[in-house]
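A.B. asks: The structure is given below, and queries will be raised subsequently.
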Amino acid sequence: MRSGLFLLALILAATAVHATGGGPLPGLTASELAEFKEGFFAFRAPISLQQGLGPVYNMASCYPCHGHPALGGQTPKTVTRFGRITDGVFDPLDSAGGSLLQAKAIRASCAEVIPAAANVVVKRNVSSALGAGLIEAIPDQQIIDRATAEQTENAAWAGRAAIVTGVSDGLSHVGRFGWKAQEALLIDFVGRAMVDELGFTNALFPMDEAPNGNLALLAQCDSVPDPEDTIGFLDKVTHLLRYLGRPTQPSHVSNVVMQGEALFDSIGCSFCHYVGYTAVSSISAIDGQSVALYSDLLLHDIGTGDGIVQGDAHGNEFRTAPLWLVRGSEPYLHDGRAHTVAEAISAHQGQALDVRNTYLALSPSEQQAVLRFLLAR
């Protein structure tokens with residue numbers, strides 16, 4: 001028992017950076033906590049060449065990209081996506097290895113490059129996975145109902161649900177993970193990230209990415225039989241993310257922060273940055289929890305689109321970014337162009353233009369109150 005408590009204390013110490021989260025959800029059973037612990041070590045451990053890293057990849061483990069300001073969070077690291085737009089139609093250049101560039105390779109002869117045919121090349125920030133199990137447990141119908149309510153309340157601002165097909169079950173779901181809400185299920189999200197980011201094949205994605213789509217080069221560079229995940233990595237990391245707690249909030253809330261929250265709501269920010277979802281799950285630590293992530297999880301066009309089509313999302317659409325972890329997660333927006341929250345707000349256009357202008361019309365002290373509220377997330 002003592003060694004188990006010591007191990008839990010070690011995990012909490014390693015994850016609770018800046019007291020923003022990273023530990024397990026409160027109320028997990030002993031078996032769920034054991035699965036969280038297994039996932040914790042898998043998440044931090046590098047995949048070796050002998051296990052199947054690569055041949056092209058972006059990182060050797062999950063933690064370097066999802067370790068700030070707590071385990072499961074995000075970092076300023078970016079990935080590169082590319083494609084070609086011709087007459088308004090996006091081509092991901094799948095035959096050339098698109099649309100994700102794997103920036104590293106196990107040896108130079110296996111490396112990818114951005115194809116000459118690409119006329120769209122963009123950077124994407126890493127997104128946070130804190131509270132992912134709570135987000136997964138929001139029923140599809142709640143998100144669909146929110147989209148309907150937005151159409152009724154203000155069609156010009158309304159978002160739409162991304163409908164995607166689950167790789168693991170073949171069923172239609174409402175997408176919620178990723179910048180484009182391109183995944184709905186955590187196991188799918190983890191499985192795709194394994195092969196895309198680590199070059200680590202698994203039961204859901206059993207074939208390695210060929211460097212720039214070159215299958216002959218893949219055969220030369222990849223010597224580990226597929227699928228490569230012989231250590232249960234897919235299930236372990238899925239369990240970790242499912243049981244990972246939401247970002248913690250400050251215990252003391254000042255009057256200025258409360259004023260900022262009221263303004264945030266009154267000027268219309270909460271229309272998209274929604275807090276009304278509730279989790280429904282067979283896991284008692286998740287079931288019935290309020291999922292106040294400040295996102296409707298719907299696709300909107302706020303004028304920051306990158307042209308990349310993913311899942312059900314058009315090139316000009318992004319999922320509303322959750323705001324339950326703002327402090328310590330800069331830079332902001334999908335490409336990190338905004339170094340401050342104020343810059344991120346100012347970049348809102350399209351469907352968010354009216355709300356942005358209302359914010360800019362506030363007095364300086366009122367704007368500061370809104371910023372203080374957001375930075376308290």
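Letters for chains follow the order of the structure tokens (A, B, ...), residue numbers begin at 1 for each chain, and ligand numbers begin at 1 in the order shown.
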Could you tell me, as a PyMOL selection string, which residues of region 9-235 of chain A DSSP assigns to alpha helix (DSSP H) when given the backbone?

C.D. replies: chain A and resi 9-15+30-44+132-136+140-153+186-193+215-221+233-235

A.B. asks: Can you tell me which residues surround Leu240 (chain A) at a distance of at most 10 Å, considering only C-alpha atoms, apart from same-chain residues fewer than 6 positions away, and format the answer as a ChimeraX atom specification?

C.D. replies: /A:23-24,32-43,72,132-133

A.B. asks: So that I have them on file, write out the residues from the current selection with all heavy atoms, as a short mmCIF file (atom, residue, chain, number, x, y, z; two decimals), in the first residue's frame.

C.D. replies:
data_model
loop_
_atom_site.label_atom_id
_atom_site.label_comp_id
_atom_site.auth_asym_id
_atom_site.auth_seq_id
_atom_site.Cartn_x
_atom_site.Cartn_y
_atom_site.Cartn_z
N GLY A 23 -3.48 15.65 -13.13
CA GLY A 23 -3.67 14.46 -12.32
C GLY A 23 -4.94 13.73 -12.70
O GLY A 23 -5.68 14.13 -13.60
N PRO A 24 -5.24 12.62 -12.01
CA PRO A 24 -6.44 11.85 -12.32
C PRO A 24 -7.71 12.55 -11.87
O PRO A 24 -7.69 13.37 -10.95
CB PRO A 24 -6.22 10.55 -11.55
CG PRO A 24 -5.31 10.92 -10.42
CD PRO A 24 -4.42 12.00 -10.95
N GLU A 32 -9.43 1.77 -12.08
CA GLU A 32 -9.30 2.90 -13.01
C GLU A 32 -8.03 3.69 -12.72
O GLU A 32 -7.34 4.12 -13.65
CB GLU A 32 -10.54 3.79 -12.91
CG GLU A 32 -11.79 3.16 -13.49
CD GLU A 32 -13.08 3.84 -13.04
OE1 GLU A 32 -13.03 4.71 -12.14
OE2 GLU A 32 -14.15 3.49 -13.58
N LEU A 33 -7.72 3.86 -11.44
CA LEU A 33 -6.50 4.57 -11.08
C LEU A 33 -5.27 3.78 -11.53
O LEU A 33 -4.27 4.37 -11.99
CB LEU A 33 -6.46 4.82 -9.58
CG LEU A 33 -5.35 5.74 -9.06
CD1 LEU A 33 -5.39 7.09 -9.74
CD2 LEU A 33 -5.45 5.90 -7.55
N ALA A 34 -5.34 2.45 -11.45
CA ALA A 34 -4.23 1.62 -11.92
C ALA A 34 -4.04 1.80 -13.42
O ALA A 34 -2.90 1.86 -13.92
CB ALA A 34 -4.49 0.16 -11.57
N GLU A 35 -5.15 1.89 -14.17
CA GLU A 35 -5.04 2.11 -15.62
C GLU A 35 -4.48 3.50 -15.91
O GLU A 35 -3.71 3.68 -16.87
CB GLU A 35 -6.41 1.94 -16.26
CG GLU A 35 -6.88 0.50 -16.30
CD GLU A 35 -8.28 0.35 -16.87
OE1 GLU A 35 -9.11 1.27 -16.70
OE2 GLU A 35 -8.55 -0.70 -17.48
N PHE A 36 -4.86 4.48 -15.10
CA PHE A 36 -4.31 5.83 -15.25
C PHE A 36 -2.78 5.79 -15.07
O PHE A 36 -2.03 6.39 -15.84
CB PHE A 36 -4.94 6.77 -14.23
CG PHE A 36 -4.38 8.17 -14.26
CD1 PHE A 36 -4.96 9.14 -15.06
CD2 PHE A 36 -3.28 8.52 -13.49
CE1 PHE A 36 -4.44 10.43 -15.10
CE2 PHE A 36 -2.76 9.80 -13.52
CZ PHE A 36 -3.34 10.76 -14.33
N LYS A 37 -2.32 5.05 -14.05
CA LYS A 37 -0.89 4.96 -13.78
C LYS A 37 -0.15 4.31 -14.94
O LYS A 37 0.92 4.78 -15.36
CB LYS A 37 -0.63 4.16 -12.50
CG LYS A 37 -1.13 4.84 -11.22
CD LYS A 37 -0.95 3.90 -10.04
CE LYS A 37 -1.52 4.49 -8.76
NZ LYS A 37 -1.43 3.54 -7.63
N GLU A 38 -0.71 3.23 -15.48
CA GLU A 38 -0.08 2.58 -16.64
C GLU A 38 0.01 3.54 -17.81
O GLU A 38 1.03 3.61 -18.51
CB GLU A 38 -0.90 1.35 -17.04
CG GLU A 38 -0.63 0.11 -16.25
CD GLU A 38 -1.20 -1.12 -16.93
OE1 GLU A 38 -2.29 -1.04 -17.52
OE2 GLU A 38 -0.52 -2.17 -16.90
N GLY A 39 -1.06 4.26 -18.04
CA GLY A 39 -1.08 5.22 -19.14
C GLY A 39 -0.10 6.35 -18.92
O GLY A 39 0.52 6.84 -19.88
N PHE A 40 0.07 6.77 -17.67
CA PHE A 40 1.01 7.83 -17.33
C PHE A 40 2.42 7.50 -17.81
O PHE A 40 3.10 8.30 -18.45
CB PHE A 40 0.98 8.06 -15.82
CG PHE A 40 2.09 8.93 -15.28
CD1 PHE A 40 1.98 10.30 -15.31
CD2 PHE A 40 3.24 8.36 -14.74
CE1 PHE A 40 3.00 11.10 -14.81
CE2 PHE A 40 4.26 9.15 -14.24
CZ PHE A 40 4.14 10.52 -14.28
N PHE A 41 2.86 6.27 -17.54
CA PHE A 41 4.21 5.89 -17.91
C PHE A 41 4.33 5.68 -19.42
O PHE A 41 5.36 6.02 -20.02
CB PHE A 41 4.64 4.64 -17.13
CG PHE A 41 4.87 4.92 -15.67
CD1 PHE A 41 4.01 4.43 -14.71
CD2 PHE A 41 5.92 5.73 -15.26
CE1 PHE A 41 4.20 4.70 -13.36
CE2 PHE A 41 6.12 6.03 -13.91
CZ PHE A 41 5.26 5.50 -12.97
N ALA A 42 3.30 5.15 -20.04
CA ALA A 42 3.33 5.00 -21.50
C ALA A 42 3.38 6.35 -22.19
O ALA A 42 4.10 6.54 -23.18
CB ALA A 42 2.10 4.21 -21.97
N PHE A 43 2.63 7.31 -21.67
CA PHE A 43 2.55 8.64 -22.25
C PHE A 43 3.90 9.34 -22.22
O PHE A 43 4.26 10.08 -23.14
CB PHE A 43 1.52 9.45 -21.45
CG PHE A 43 1.07 10.73 -22.07
CD1 PHE A 43 0.04 10.76 -23.00
CD2 PHE A 43 1.66 11.94 -21.70
CE1 PHE A 43 -0.40 11.95 -23.56
CE2 PHE A 43 1.23 13.14 -22.25
CZ PHE A 43 0.20 13.14 -23.18
N GLY A 72 -0.77 16.25 -20.33
CA GLY A 72 -2.02 16.29 -21.08
C GLY A 72 -2.31 17.66 -21.66
O GLY A 72 -3.25 17.80 -22.44
N ALA A 132 -10.20 15.25 -21.29
CA ALA A 132 -10.67 14.65 -22.54
C ALA A 132 -11.77 13.62 -22.31
O ALA A 132 -12.69 13.49 -23.13
CB ALA A 132 -9.50 14.00 -23.28
N GLY A 133 -11.69 12.88 -21.20
CA GLY A 133 -12.73 11.90 -20.93
C GLY A 133 -14.07 12.53 -20.68
O GLY A 133 -15.13 11.97 -21.04
#

A.B. asks: Using only C-alpha atoms for the distances, tell me which of A:Val326, A:Ala30, A:Ala149, A:Ala376 is nearest to Phe271 (chain A).

C.D. replies: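 Ranking A:Val326, A:Ala30, A:Ala149, A:Ala376 by distance to Phe271 (chain A), first place goes to A:Ala149.
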
A.B. asks: Using only C-alpha atoms, find the one residue out of A:Val195, A:Ala129, A:Leu101, A:Leu217 that sits nearest to Ser61 (chain A).

C.D. replies: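 Among the listed residues, the smallest separation from Ser61 (chain A) belongs to A:Val195.
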
A.B. asks: Which of these residues is nearest to Leu333 (chain A), using only C-alpha atoms: A:Arg319, A:Arg84, A:Arg176, A:His66?

C.D. replies: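 Between A:Arg319, A:Arg84, A:Arg176, A:His66, the residue approaching Leu333 (chain A) most closely is A:Arg319.
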
A.B. asks: Give me, as JSON, numbers by chain, all polymer residues having an atom no more than 10 Å from Gly27 (chain A), counting only C-alpha atoms and skipping those fewer than 5 positions away in the same chain.

C.D. replies: {"A": [32, 33, 243, 283, 284, 285, 286]}

A.B. asks: Using Å and a single decimal, report how far CA of Pro227 (chain A) sits from CA of Ser127 (chain A).

C.D. replies: 26.3 Å

A.B. asks: Name the residues in contact with His173 (chain A) at a cut-off of 7 Å, using only C-alpha atoms, excluding same-chain residues fewer than 3 positions from it; report them as a list in words.

C.D. replies: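 Here the qualifying residues turn out to be Asp140, Ile163, Val164, Thr165, Gly166 and Ala184 of chain A.
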
A.B. asks: So, with only C-alpha atoms as the atoms that count, which of A:Pro211, A:Gly178, A:Gly52, A:Gly288 lies closest to Ala137 (chain A)?

C.D. replies: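 Using only C-alpha atoms, the shortest distance to Ala137 (chain A) belongs to A:Gly288.
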
A.B. asks: Which neighbours of region 356-372 of chain A fall inside 12 Å, counting only C-alpha atoms, when residues of the same chain fewer than 2 positions from it are skipped, and could you give them as number ranges by chain?

C.D. replies: A: 253-269, 302-303, 323, 326-327, 340-354, 374-377

A.B. asks: Residues as selected, C-alpha atoms, written as a PDB file, in the first residue's frame, can you do that?

C.D. replies:
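Result file is out06.pdb:
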ATOM      1  CA  VAL A 253     -12.013  34.647  -7.580  1.00  0.00           C
ATOM      2  CA  SER A 254     -11.684  38.422  -7.406  1.00  0.00           C
ATOM      3  CA  ASN A 255     -14.443  40.934  -8.056  1.00  0.00           C
ATOM      4  CA  VAL A 256     -12.664  41.948 -11.272  1.00  0.00           C
ATOM      5  CA  VAL A 257     -12.717  38.340 -12.514  1.00  0.00           C
ATOM      6  CA  MET A 258     -16.426  38.061 -11.690  1.00  0.00           C
ATOM      7  CA  GLN A 259     -17.066  41.322 -13.556  1.00  0.00           C
ATOM      8  CA  GLY A 260     -15.114  39.941 -16.519  1.00  0.00           C
ATOM      9  CA  GLU A 261     -17.186  36.764 -16.521  1.00  0.00           C
ATOM     10  CA  ALA A 262     -20.415  38.764 -16.572  1.00  0.00           C
ATOM     11  CA  LEU A 263     -19.122  40.893 -19.459  1.00  0.00           C
ATOM     12  CA  PHE A 264     -17.916  37.803 -21.321  1.00  0.00           C
ATOM     13  CA  ASP A 265     -21.461  36.505 -21.224  1.00  0.00           C
ATOM     14  CA  SER A 266     -23.280  39.786 -21.891  1.00  0.00           C
ATOM     15  CA  ILE A 267     -21.324  40.749 -25.025  1.00  0.00           C
ATOM     16  CA  GLY A 268     -21.931  37.343 -26.619  1.00  0.00           C
ATOM     17  CA  CYS A 269     -18.680  35.395 -26.141  1.00  0.00           C
ATOM     18  CA  ILE A 302     -14.321  33.220 -37.486  1.00  0.00           C
ATOM     19  CA  GLY A 303     -12.044  34.401 -40.267  1.00  0.00           C
ATOM     20  CA  LEU A 323     -11.098  28.050 -22.828  1.00  0.00           C
ATOM     21  CA  VAL A 326      -5.955  29.767 -21.035  1.00  0.00           C
ATOM     22  CA  ARG A 327      -3.265  30.751 -18.571  1.00  0.00           C
ATOM     23  CA  THR A 340      -1.640  37.451 -25.952  1.00  0.00           C
ATOM     24  CA  VAL A 341      -5.319  36.847 -25.265  1.00  0.00           C
ATOM     25  CA  ALA A 342      -6.072  40.390 -26.430  1.00  0.00           C
ATOM     26  CA  GLU A 343      -4.437  39.647 -29.795  1.00  0.00           C
ATOM     27  CA  ALA A 344      -6.470  36.441 -30.091  1.00  0.00           C
ATOM     28  CA  ILE A 345      -9.718  38.320 -29.474  1.00  0.00           C
ATOM     29  CA  SER A 346      -8.785  40.997 -32.008  1.00  0.00           C
ATOM     30  CA  ALA A 347      -8.170  38.316 -34.657  1.00  0.00           C
ATOM     31  CA  HIS A 348     -11.798  37.142 -34.478  1.00  0.00           C
ATOM     32  CA  GLN A 349     -13.719  38.060 -37.617  1.00  0.00           C
ATOM     33  CA  GLY A 350     -16.329  36.276 -39.735  1.00  0.00           C
ATOM     34  CA  GLN A 351     -19.118  34.960 -37.525  1.00  0.00           C
ATOM     35  CA  ALA A 352     -17.391  36.458 -34.473  1.00  0.00           C
ATOM     36  CA  LEU A 353     -16.928  39.974 -35.876  1.00  0.00           C
ATOM     37  CA  ASP A 354     -19.908  41.538 -34.068  1.00  0.00           C
ATOM     38  CA  LEU A 374      -9.989  34.463 -19.235  1.00  0.00           C
ATOM     39  CA  LEU A 375      -6.541  34.264 -17.674  1.00  0.00           C
ATOM     40  CA  ALA A 376      -8.130  32.848 -14.546  1.00  0.00           C
ATOM     41  CA  ARG A 377      -9.252  29.812 -16.570  1.00  0.00           C
TER      42      ARG A 377
END

A.B. asks: How far is it from CA of Gly67 (chain A) to CA of Thr238 (chain A), in Å with one decimal?

C.D. replies: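 A separation of 16.1 Å between them.
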
A.B. asks: Check the smallest atom-to-atom distance from each of A:Gly73, A:Ala45, A:Val280, A:Met194 to Leu325 (chain A) using only C-alpha atoms, then report the winner.

C.D. replies: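 Of A:Gly73, A:Ala45, A:Val280, A:Met194, the one nearest Leu325 (chain A) is A:Gly73, counting only C-alpha atoms.
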
A.B. asks: Smallest atom-to-atom distance to Asp287 (chain A): which of A:Ile135, A:Leu100, A:Val224, A:Ala156, using only C-alpha atoms?

C.D. replies: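 Once distances to Asp287 (chain A) are computed over only C-alpha atoms, the minimum belongs to A:Ile135.
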
A.B. asks: For Gln51 (chain A), list every protein, DNA or RNA residue within 9 Å, evaluated using only C-alpha atoms, and leave out those in the same chain fewer than 6 positions away; present the list as a ChimeraX atom specification.

C.D. replies: /A:200,224,228-231

A.B. asks: Next, write the just-selected residues to a file, as a compact mmCIF listing (two decimals), in the first residue's frame, keeping all heavy atoms as the atom set.

C.D. replies:
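Final output, part19.txt:
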# COMPACT_ATOMS: atom_id res chain seq x y z
N PHE A 200 3.93 4.95 -35.15
CA PHE A 200 3.78 3.74 -34.34
C PHE A 200 2.45 3.10 -34.67
O PHE A 200 1.40 3.55 -34.22
CB PHE A 200 3.88 4.14 -32.86
CG PHE A 200 4.06 3.01 -31.90
CD1 PHE A 200 4.83 1.90 -32.22
CD2 PHE A 200 3.48 3.05 -30.65
CE1 PHE A 200 5.01 0.86 -31.32
CE2 PHE A 200 3.66 2.04 -29.73
CZ PHE A 200 4.42 0.93 -30.07
N VAL A 224 10.17 -3.07 -38.92
CA VAL A 224 9.41 -3.64 -37.80
C VAL A 224 8.04 -4.08 -38.30
O VAL A 224 7.31 -3.28 -38.89
CB VAL A 224 9.27 -2.61 -36.66
CG1 VAL A 224 8.49 -3.22 -35.49
CG2 VAL A 224 10.64 -2.14 -36.19
N GLU A 228 2.76 -2.39 -34.93
CA GLU A 228 3.95 -2.35 -34.08
C GLU A 228 3.64 -2.27 -32.60
O GLU A 228 4.51 -2.53 -31.76
CB GLU A 228 4.81 -1.14 -34.49
CG GLU A 228 5.34 -1.26 -35.90
CD GLU A 228 5.69 0.07 -36.55
OE1 GLU A 228 5.16 1.12 -36.09
OE2 GLU A 228 6.46 0.06 -37.52
N ASP A 229 2.42 -1.90 -32.26
CA ASP A 229 2.06 -1.72 -30.85
C ASP A 229 1.85 -3.08 -30.18
O ASP A 229 0.75 -3.62 -30.13
CB ASP A 229 0.79 -0.88 -30.74
CG ASP A 229 0.37 -0.65 -29.29
OD1 ASP A 229 1.21 -0.87 -28.38
OD2 ASP A 229 -0.79 -0.27 -29.06
N THR A 230 2.94 -3.63 -29.65
CA THR A 230 2.88 -4.90 -28.93
C THR A 230 2.90 -4.69 -27.42
O THR A 230 2.99 -5.66 -26.66
CB THR A 230 4.05 -5.80 -29.33
OG1 THR A 230 5.28 -5.14 -28.99
CG2 THR A 230 4.04 -6.10 -30.82
N ILE A 231 2.82 -3.43 -26.99
CA ILE A 231 2.93 -3.11 -25.55
C ILE A 231 1.62 -2.55 -25.00
O ILE A 231 1.58 -2.05 -23.87
CB ILE A 231 4.08 -2.12 -25.29
CG1 ILE A 231 3.89 -0.82 -26.09
CG2 ILE A 231 5.42 -2.76 -25.62
CD1 ILE A 231 4.92 0.25 -25.78

A.B. asks: By how many Å are CA of Gly98 (chain A) and CA of Gly336 (chain A) apart?

C.D. replies: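 A separation of 21.5 Å between them.
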
A.B. asks: Based on DSSP run over this structure's backbone, return all residues of region 73-164 of chain A in strand (DSSP E), as a ChimeraX atom specification.

C.D. replies: /A:78-86,89-91,100-101,104-105,120-125,163-164

A.B. asks: Could you give me, as a list in words, the residues within 7 Å of Ser290 (chain A), counting only C-alpha atoms and dropping anything in the same chain fewer than 4 positions from it?

C.D. replies: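 The filter keeps Tyr277, Thr278 and Ala279 of chain A.
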